[in-house]
Amino acid sequence: MTVASTPMSVSRIPAPPHSSVDFGAIIENANIENMTDEDFALIRSTLYEHQVVLFKNQQGLTPKAQYELTHRFDPAAQGYGHGKTLDAKRSILHPDLKTVPHQPEVQIIGNGFVPEYEGLKNIKLVHPHHRKFHKHPISEEDDLDYTRFYRWHIDAALYDLNPPKVTTLMAVSVPKGRRQTLRYDDGTGEELDVPLGTTAFVSGYNMYDILSEEDKEFVRTSRIEYAAHPYIWMSGAKSRSDGLGLFSDGLELSESELPPIDESKIQILPMVWKNPVTGQLAVQIHPSAVRKIHLANGQVIDDLKEVREIVHRIQRPAIAPQFVYAHDWEEGDLVLFNNQGVLHSVVGAFREDEVRLFRQCNMAASEAPLGPEAVVA
Ligand SMILES: [Fe+2]
């Protein structure tokens with residue numbers, strides 16, 4: 001009970017040398033299991049001011065409390081961010097997620113064999129490896145020392161369901177020790193030293209702020225149309241080496257190979273989403289799922305290669321090493337992030353005996369993200 005009486009405190013996550021990362025906060029003394037309205041108000045304002053919030057020593061947090069924290073950001077939200085779309089065996093997300101039986105909005109992700117967890121028995125978790133998704137993977141002999149951004153993304157179904165407002169990620173088991181060198185391998189020679197199995201974040205607000213005035217105008221006035229059933233559609237396609245979108249080799253599934261398409265469920269979203277607290281603008285585009293660009297004048301760019309080139313040109317400056325926050329996971333860390341204001345990526349390659357267990361939760365939002373013209377209180 002003494003914990004509950006210590007007031008919560010907020011501080012910035014210290015940035016490493018040479019970093020230009022301007023987001024991320026730590027909240028100490030949070031009692032998430034028994035949160036008051038005042039506690040939540042502070043957590044919410046901290047989240048929307050800092051985009052990524054770290055709570056330490058949350059080992060005892062139940063899946064239910066994790067769900068309740070996540071749900072409180074959007075009380076009208078009904079279910080998991082991807083709904084039931086992950087049941088589709090051909091979805092590229094299918095192998096990565098297992099559901100907590102008594103809390104179906106919470107997913108188990110990780111690596112290695114776990115005999116029992118939250119009612120699941122003999123679970124075999126597989127950390128997504130870039131080899132399965134990138135066109136030019138790192139060679140076998142370099143694989144344990146060097147790594148890639150696996151896939152920069154927003155957590156979102158991008159068909160039928162609205163992108164979740166926030167995601168929570170809880171580290172239950174974390175293998176210790178190693179670091180890896182992340183290579184961009186995109187001709188820039190850029191590299192980043194990262195902890196094993198980091199989750200990398202970049203700010204969509206910074207992505208907007210560092211654009212030219214002309215590009216700012218372009219992203220403020222253009223909208224992205226996402227592919228129908230995007231994670232099945234892209235299942236044959238391969239990623240760029242920087243994890244920021246796909247190569248255009250005609251490997252996407254054709255309409256006849258996809259489940260039936262309901263045109264009304266196709267998502268056309270602003271390129272720029274407004275922060276509901278600060279009013280800042282973030283470039284928020286899921287680069288792998290883009291299909292068309294709708295311009296302000298009504299014209300539609302539907303050449304897939306051109307669409308991808310435009311999106312990559314807009315996004316690439318903001319994933320440069322100095323703008324990446326690579327979280328160094330410790331057991332008991334709970335990270336809450338603004339899924340409508342940051343992009344994130346899985347990173348790293350584990351050995352089979354390196355056991356990692358995380359819990360992830362997000363909810364398909366009850367409303368579309370705020371566009372650039374939205375008025376915030
Ligand atoms: Fe994610």
# chains A, B, ... in the order shown; residues from 1 in each chain; ligands from 1

call {"tool": "closest_atom_pairs", "arguments": {"of": "chain A", "to": "ligand 1", "cutoff": "10 Å", "atoms": "only C-alpha atoms and all ligand atoms", "output": "JSON lines"}}
result
{"residue": "A:Leu93", "atom": "CA", "partner": "ligand 1", "partner_atom_place_in_ligand_line": "1 (Fe)", "distance": 10.0}
{"residue": "A:Arg151", "atom": "CA", "partner": "ligand 1", "partner_atom_place_in_ligand_line": "1 (Fe)", "distance": 8.8}
{"residue": "A:Trp152", "atom": "CA", "partner": "ligand 1", "partner_atom_place_in_ligand_line": "1 (Fe)", "distance": 8.3}
{"residue": "A:His153", "atom": "CA", "partner": "ligand 1", "partner_atom_place_in_ligand_line": "1 (Fe)", "distance": 6.5}
{"residue": "A:Ile154", "atom": "CA", "partner": "ligand 1", "partner_atom_place_in_ligand_line": "1 (Fe)", "distance": 6.3}
{"residue": "A:Asp155", "atom": "CA", "partner": "ligand 1", "partner_atom_place_in_ligand_line": "1 (Fe)", "distance": 4.8}
{"residue": "A:Ala156", "atom": "CA", "partner": "ligand 1", "partner_atom_place_in_ligand_line": "1 (Fe)", "distance": 8.3}
{"residue": "A:Thr167", "atom": "CA", "partner": "ligand 1", "partner_atom_place_in_ligand_line": "1 (Fe)", "distance": 8.0}
{"residue": "A:Thr168", "atom": "CA", "partner": "ligand 1", "partner_atom_place_in_ligand_line": "1 (Fe)", "distance": 9.8}
{"residue": "A:Leu169", "atom": "CA", "partner": "ligand 1", "partner_atom_place_in_ligand_line": "1 (Fe)", "distance": 9.1}
{"residue": "A:Thr199", "atom": "CA", "partner": "ligand 1", "partner_atom_place_in_ligand_line": "1 (Fe)", "distance": 8.9}
{"residue": "A:Asn339", "atom": "CA", "partner": "ligand 1", "partner_atom_place_in_ligand_line": "1 (Fe)", "distance": 8.8}
{"residue": "A:Leu343", "atom": "CA", "partner": "ligand 1", "partner_atom_place_in_ligand_line": "1 (Fe)", "distance": 8.5}
{"residue": "A:His344", "atom": "CA", "partner": "ligand 1", "partner_atom_place_in_ligand_line": "1 (Fe)", "distance": 6.4}
{"residue": "A:Ser345", "atom": "CA", "partner": "ligand 1", "partner_atom_place_in_ligand_line": "1 (Fe)", "distance": 6.6}
{"residue": "A:Val346", "atom": "CA", "partner": "ligand 1", "partner_atom_place_in_ligand_line": "1 (Fe)", "distance": 7.3}
{"residue": "A:Gln360", "atom": "CA", "partner": "ligand 1", "partner_atom_place_in_ligand_line": "1 (Fe)", "distance": 8.5}
{"residue": "A:Cys361", "atom": "CA", "partner": "ligand 1", "partner_atom_place_in_ligand_line": "1 (Fe)", "distance": 9.7}
{"residue": "A:Asn362", "atom": "CA", "partner": "ligand 1", "partner_atom_place_in_ligand_line": "1 (Fe)", "distance": 9.5}

call {"tool": "closest_residue", "arguments": {"among": "A:Glu255, A:Val347, A:Gln284, A:Arg359", "to": "A:Val194", "atoms": "only C-alpha atoms"}}
result
A:Val347

call {"tool": "residues_around", "arguments": {"residues": "stretch 316-325 of chain A", "least_positions_apart": "4", "cutoff": "7 Å", "atoms": "only C-alpha atoms", "output": "JSON, numbers by chain"}}
result
{"A": [18, 19, 20, 21, 191, 192, 200, 201, 202, 206, 207, 312]}

call {"tool": "residues_around", "arguments": {"residues": "A:Ile138", "least_positions_apart": "6", "cutoff": "12 Å", "atoms": "only C-alpha atoms", "output": "short mmCIF file (atom, residue, chain, number, x, y, z; two decimals) with C-alpha atoms, in the first residue's frame"}}
result
data_model
loop_
_atom_site.label_atom_id
_atom_site.label_comp_id
_atom_site.auth_asym_id
_atom_site.auth_seq_id
_atom_site.Cartn_x
_atom_site.Cartn_y
_atom_site.Cartn_z
CA HIS A 129 13.34 -13.00 -38.80
CA HIS A 130 14.05 -10.53 -41.57
CA ARG A 131 15.24 -13.43 -43.75
CA LYS A 132 11.59 -14.38 -44.32
CA LEU A 144 24.00 -13.20 -35.17
CA ASP A 145 26.12 -10.03 -35.10
CA TYR A 146 24.23 -7.95 -37.65
CA THR A 147 20.56 -7.28 -37.95
CA ARG A 148 17.89 -5.18 -39.65
CA PHE A 149 14.70 -3.32 -38.98
CA TYR A 150 12.26 -6.13 -39.71
CA THR A 181 24.80 -3.88 -35.28
CA LEU A 182 21.80 -2.89 -37.29
CA ARG A 183 22.53 -2.28 -40.96
CA TYR A 184 20.33 -0.19 -43.21
CA ASP A 185 21.93 -1.70 -46.36
CA SER A 241 16.57 -3.74 -46.58
CA ASP A 242 15.72 -0.74 -44.37
CA GLY A 348 17.03 -8.71 -34.15
CA ALA A 349 17.74 -12.38 -34.60
#

call {"tool": "select_by_dssp", "arguments": {"residues": "stretch 143-327 of chain A", "states": "alpha helix (DSSP H)", "output": "JSON, numbers by chain"}}
result
{"A": [204, 205, 206, 207, 208, 209, 213, 214, 215, 216, 217, 218, 219, 220, 221, 230, 231, 232, 233, 304, 305, 306, 307, 308, 309, 310, 311, 312, 313, 314, 315]}

call {"tool": "write_last_selection", "arguments": {"atoms": "N, CA and C atoms", "output": "PDB file, in the first residue's frame"}}
result
ATOM      1  N   GLY A 204       6.511  10.105 -35.699  1.00  0.00           N
ATOM      2  CA  GLY A 204       5.832  10.611 -36.884  1.00  0.00           C
ATOM      3  C   GLY A 204       5.799  12.136 -36.908  1.00  0.00           C
ATOM      4  N   TYR A 205       5.894  12.770 -35.725  1.00  0.00           N
ATOM      5  CA  TYR A 205       5.912  14.242 -35.647  1.00  0.00           C
ATOM      6  C   TYR A 205       7.222  14.764 -36.198  1.00  0.00           C
ATOM      7  N   ASN A 206       8.327  14.079 -35.811  1.00  0.00           N
ATOM      8  CA  ASN A 206       9.614  14.457 -36.386  1.00  0.00           C
ATOM      9  C   ASN A 206       9.619  14.202 -37.888  1.00  0.00           C
ATOM     10  N   MET A 207       8.995  13.089 -38.294  1.00  0.00           N
ATOM     11  CA  MET A 207       8.937  12.759 -39.729  1.00  0.00           C
ATOM     12  C   MET A 207       8.296  13.911 -40.501  1.00  0.00           C
ATOM     13  N   TYR A 208       7.293  14.520 -39.922  1.00  0.00           N
ATOM     14  CA  TYR A 208       6.633  15.671 -40.547  1.00  0.00           C
ATOM     15  C   TYR A 208       7.519  16.918 -40.456  1.00  0.00           C
ATOM     16  N   ASP A 209       8.054  17.176 -39.279  1.00  0.00           N
ATOM     17  CA  ASP A 209       8.785  18.427 -39.047  1.00  0.00           C
ATOM     18  C   ASP A 209      10.007  18.593 -39.950  1.00  0.00           C
ATOM     19  N   GLU A 213       8.895  22.440 -46.924  1.00  0.00           N
ATOM     20  CA  GLU A 213       7.566  23.064 -46.879  1.00  0.00           C
ATOM     21  C   GLU A 213       6.655  22.471 -47.964  1.00  0.00           C
ATOM     22  N   GLU A 214       7.255  22.191 -49.115  1.00  0.00           N
ATOM     23  CA  GLU A 214       6.482  21.628 -50.235  1.00  0.00           C
ATOM     24  C   GLU A 214       5.945  20.230 -49.874  1.00  0.00           C
ATOM     25  N   ASP A 215       6.814  19.411 -49.268  1.00  0.00           N
ATOM     26  CA  ASP A 215       6.386  18.066 -48.882  1.00  0.00           C
ATOM     27  C   ASP A 215       5.377  18.104 -47.721  1.00  0.00           C
ATOM     28  N   LYS A 216       5.554  19.074 -46.825  1.00  0.00           N
ATOM     29  CA  LYS A 216       4.567  19.215 -45.741  1.00  0.00           C
ATOM     30  C   LYS A 216       3.173  19.457 -46.329  1.00  0.00           C
ATOM     31  N   GLU A 217       3.129  20.347 -47.303  1.00  0.00           N
ATOM     32  CA  GLU A 217       1.856  20.647 -47.973  1.00  0.00           C
ATOM     33  C   GLU A 217       1.309  19.378 -48.647  1.00  0.00           C
ATOM     34  N   PHE A 218       2.214  18.642 -49.306  1.00  0.00           N
ATOM     35  CA  PHE A 218       1.807  17.411 -49.994  1.00  0.00           C
ATOM     36  C   PHE A 218       1.206  16.391 -49.016  1.00  0.00           C
ATOM     37  N   VAL A 219       1.892  16.148 -47.894  1.00  0.00           N
ATOM     38  CA  VAL A 219       1.380  15.129 -46.959  1.00  0.00           C
ATOM     39  C   VAL A 219       0.127  15.603 -46.219  1.00  0.00           C
ATOM     40  N   ARG A 220       0.009  16.911 -46.036  1.00  0.00           N
ATOM     41  CA  ARG A 220      -1.189  17.431 -45.355  1.00  0.00           C
ATOM     42  C   ARG A 220      -2.442  17.301 -46.224  1.00  0.00           C
ATOM     43  N   THR A 221      -2.241  17.289 -47.525  1.00  0.00           N
ATOM     44  CA  THR A 221      -3.404  17.343 -48.409  1.00  0.00           C
ATOM     45  C   THR A 221      -3.642  16.034 -49.179  1.00  0.00           C
ATOM     46  N   PRO A 230      -4.572  -6.347 -46.577  1.00  0.00           N
ATOM     47  CA  PRO A 230      -3.176  -6.026 -46.912  1.00  0.00           C
ATOM     48  C   PRO A 230      -2.152  -7.093 -46.522  1.00  0.00           C
ATOM     49  N   TYR A 231      -2.364  -7.781 -45.387  1.00  0.00           N
ATOM     50  CA  TYR A 231      -1.322  -8.720 -44.929  1.00  0.00           C
ATOM     51  C   TYR A 231      -1.365 -10.037 -45.694  1.00  0.00           C
ATOM     52  N   ILE A 232      -2.468 -10.306 -46.354  1.00  0.00           N
ATOM     53  CA  ILE A 232      -2.514 -11.454 -47.265  1.00  0.00           C
ATOM     54  C   ILE A 232      -1.998 -10.991 -48.629  1.00  0.00           C
ATOM     55  N   TRP A 233      -2.477  -9.845 -49.052  1.00  0.00           N
ATOM     56  CA  TRP A 233      -2.078  -9.261 -50.342  1.00  0.00           C
ATOM     57  C   TRP A 233      -0.557  -9.191 -50.485  1.00  0.00           C
ATOM     58  N   LEU A 304       1.773   1.249 -58.417  1.00  0.00           N
ATOM     59  CA  LEU A 304       2.234   0.811 -57.096  1.00  0.00           C
ATOM     60  C   LEU A 304       3.687   1.193 -56.828  1.00  0.00           C
ATOM     61  N   LYS A 305       4.529   1.024 -57.849  1.00  0.00           N
ATOM     62  CA  LYS A 305       5.954   1.351 -57.666  1.00  0.00           C
ATOM     63  C   LYS A 305       6.125   2.839 -57.360  1.00  0.00           C
ATOM     64  N   GLU A 306       5.386   3.663 -58.089  1.00  0.00           N
ATOM     65  CA  GLU A 306       5.478   5.107 -57.876  1.00  0.00           C
ATOM     66  C   GLU A 306       4.964   5.478 -56.477  1.00  0.00           C
ATOM     67  N   VAL A 307       3.868   4.870 -56.090  1.00  0.00           N
ATOM     68  CA  VAL A 307       3.300   5.134 -54.751  1.00  0.00           C
ATOM     69  C   VAL A 307       4.346   4.810 -53.687  1.00  0.00           C
ATOM     70  N   ARG A 308       4.973   3.638 -53.826  1.00  0.00           N
ATOM     71  CA  ARG A 308       5.966   3.222 -52.823  1.00  0.00           C
ATOM     72  C   ARG A 308       7.179   4.140 -52.814  1.00  0.00           C
ATOM     73  N   GLU A 309       7.610   4.584 -53.997  1.00  0.00           N
ATOM     74  CA  GLU A 309       8.779   5.485 -54.060  1.00  0.00           C
ATOM     75  C   GLU A 309       8.474   6.805 -53.351  1.00  0.00           C
ATOM     76  N   ILE A 310       7.276   7.318 -53.561  1.00  0.00           N
ATOM     77  CA  ILE A 310       6.888   8.593 -52.928  1.00  0.00           C
ATOM     78  C   ILE A 310       6.877   8.429 -51.403  1.00  0.00           C
ATOM     79  N   VAL A 311       6.253   7.355 -50.941  1.00  0.00           N
ATOM     80  CA  VAL A 311       6.136   7.135 -49.495  1.00  0.00           C
ATOM     81  C   VAL A 311       7.532   6.935 -48.881  1.00  0.00           C
ATOM     82  N   HIS A 312       8.388   6.202 -49.573  1.00  0.00           N
ATOM     83  CA  HIS A 312       9.742   5.974 -49.044  1.00  0.00           C
ATOM     84  C   HIS A 312      10.519   7.285 -48.959  1.00  0.00           C
ATOM     85  N   ARG A 313      10.378   8.106 -49.975  1.00  0.00           N
ATOM     86  CA  ARG A 313      11.088   9.398 -49.982  1.00  0.00           C
ATOM     87  C   ARG A 313      10.635  10.271 -48.803  1.00  0.00           C
ATOM     88  N   ILE A 314       9.346  10.218 -48.496  1.00  0.00           N
ATOM     89  CA  ILE A 314       8.797  11.007 -47.386  1.00  0.00           C
ATOM     90  C   ILE A 314       9.280  10.472 -46.026  1.00  0.00           C
ATOM     91  N   GLN A 315       9.321   9.142 -45.902  1.00  0.00           N
ATOM     92  CA  GLN A 315       9.562   8.542 -44.580  1.00  0.00           C
ATOM     93  C   GLN A 315      11.033   8.308 -44.254  1.00  0.00           C
TER      94      GLN A 315
END

call {"tool": "closest_residue", "arguments": {"among": "A:Pro101, A:Gly279, A:Pro75, A:Gly60", "to": "A:Lys165", "atoms": "only C-alpha atoms"}}
result
A:Pro75

call {"tool": "closest_residue", "arguments": {"among": "A:Ala365, A:Leu69, A:Ile32, A:Val342", "to": "A:Asp160", "atoms": "only C-alpha atoms"}}
result
A:Ala365

call {"tool": "closest_residue", "arguments": {"among": "A:Lys292, A:Arg356, A:His71, A:His50", "to": "A:Val114", "atoms": "only C-alpha atoms"}}
result
A:Arg356

call {"tool": "select_by_dssp", "arguments": {"residues": "stretch 28-203 of chain A", "states": "strand (DSSP E or B)", "output": "ChimeraX atom specification"}}
result
/A:28,52-55,80,98-99,106-117,120-125,134,146-147,149,153,159,162,166-173,179-183,191-195,199-203

call {"tool": "residues_around", "arguments": {"residues": "A:Leu158", "least_positions_apart": "5", "cutoff": "9 Å", "atoms": "only C-alpha atoms", "output": "list in words"}}
result
His82, Pro163, Tyr226, Ala227, Ala228, His229, Pro230, Lys265, Ile266, Gln267, Ile268, His286 and Ala289 of chain A

call {"tool": "residues_around", "arguments": {"residues": "A:Val10", "least_positions_apart": "3", "cutoff": "7 Å", "atoms": "only C-alpha atoms", "output": "list in words"}}
result
Ala25, Ile26, Ile27 and Glu28 of chain A

call {"tool": "write_last_selection", "arguments": {"atoms": "N, CA and C atoms", "output": "PDB file, in the first residue's frame"}}
result
ATOM      1  N   ALA A  25       9.246   8.871 -22.369  1.00  0.00           N
ATOM      2  CA  ALA A  25       9.244   9.263 -20.952  1.00  0.00           C
ATOM      3  C   ALA A  25       9.127   8.017 -20.081  1.00  0.00           C
ATOM      4  N   ILE A  26       9.600   8.161 -18.848  1.00  0.00           N
ATOM      5  CA  ILE A  26       9.454   7.093 -17.851  1.00  0.00           C
ATOM      6  C   ILE A  26       8.471   7.584 -16.794  1.00  0.00           C
ATOM      7  N   ILE A  27       7.511   6.737 -16.450  1.00  0.00           N
ATOM      8  CA  ILE A  27       6.631   7.058 -15.320  1.00  0.00           C
ATOM      9  C   ILE A  27       6.976   6.109 -14.184  1.00  0.00           C
ATOM     10  N   GLU A  28       7.313   6.663 -13.051  1.00  0.00           N
ATOM     11  CA  GLU A  28       7.619   5.846 -11.880  1.00  0.00           C
ATOM     12  C   GLU A  28       6.471   5.864 -10.886  1.00  0.00           C
TER      13      GLU A  28
END

call {"tool": "closest_residue", "arguments": {"among": "A:Phe247, A:Trp273, A:Tyr48, A:Phe55", "to": "A:Asn29", "atoms": "only C-alpha atoms"}}
result
A:Phe55

call {"tool": "closest_residue", "arguments": {"among": "A:Glu352, A:Asp22, A:Glu141, A:Glu330", "to": "A:Gly177", "atoms": "only C-alpha atoms"}}
result
A:Glu330

call {"tool": "residues_around", "arguments": {"residues": "A:Val172", "least_positions_apart": "5", "cutoff": "9 Å", "atoms": "only C-alpha atoms", "output": "PyMOL selection string"}}
result
chain A and resi 58-59+330-333+356-359

call {"tool": "atom_distance", "arguments": {"atom1": "atom CA of A:Phe113", "atom2": "atom CA of A:Gly243"}}
result
26.9 Å

call {"tool": "closest_atom_pairs", "arguments": {"of": "stretch 105-215 of chain A", "to": "stretch 234-239 of chain A", "cutoff": "6 Å", "atoms": "only C-alpha atoms", "output": "JSON lines"}}
result
{"residue": "A:Phe133", "atom": "CA", "partner": "A:Lys238", "partner_atom": "CA", "distance": 5.5}
{"residue": "A:His134", "atom": "CA", "partner": "A:Ser239", "partner_atom": "CA", "distance": 4.4}
{"residue": "A:Lys135", "atom": "CA", "partner": "A:Lys238", "partner_atom": "CA", "distance": 5.0}

call {"tool": "atom_distance", "arguments": {"atom1": "atom CA of A:Arg44", "atom2": "atom CA of A:Ala30"}}
result
12.5 Å
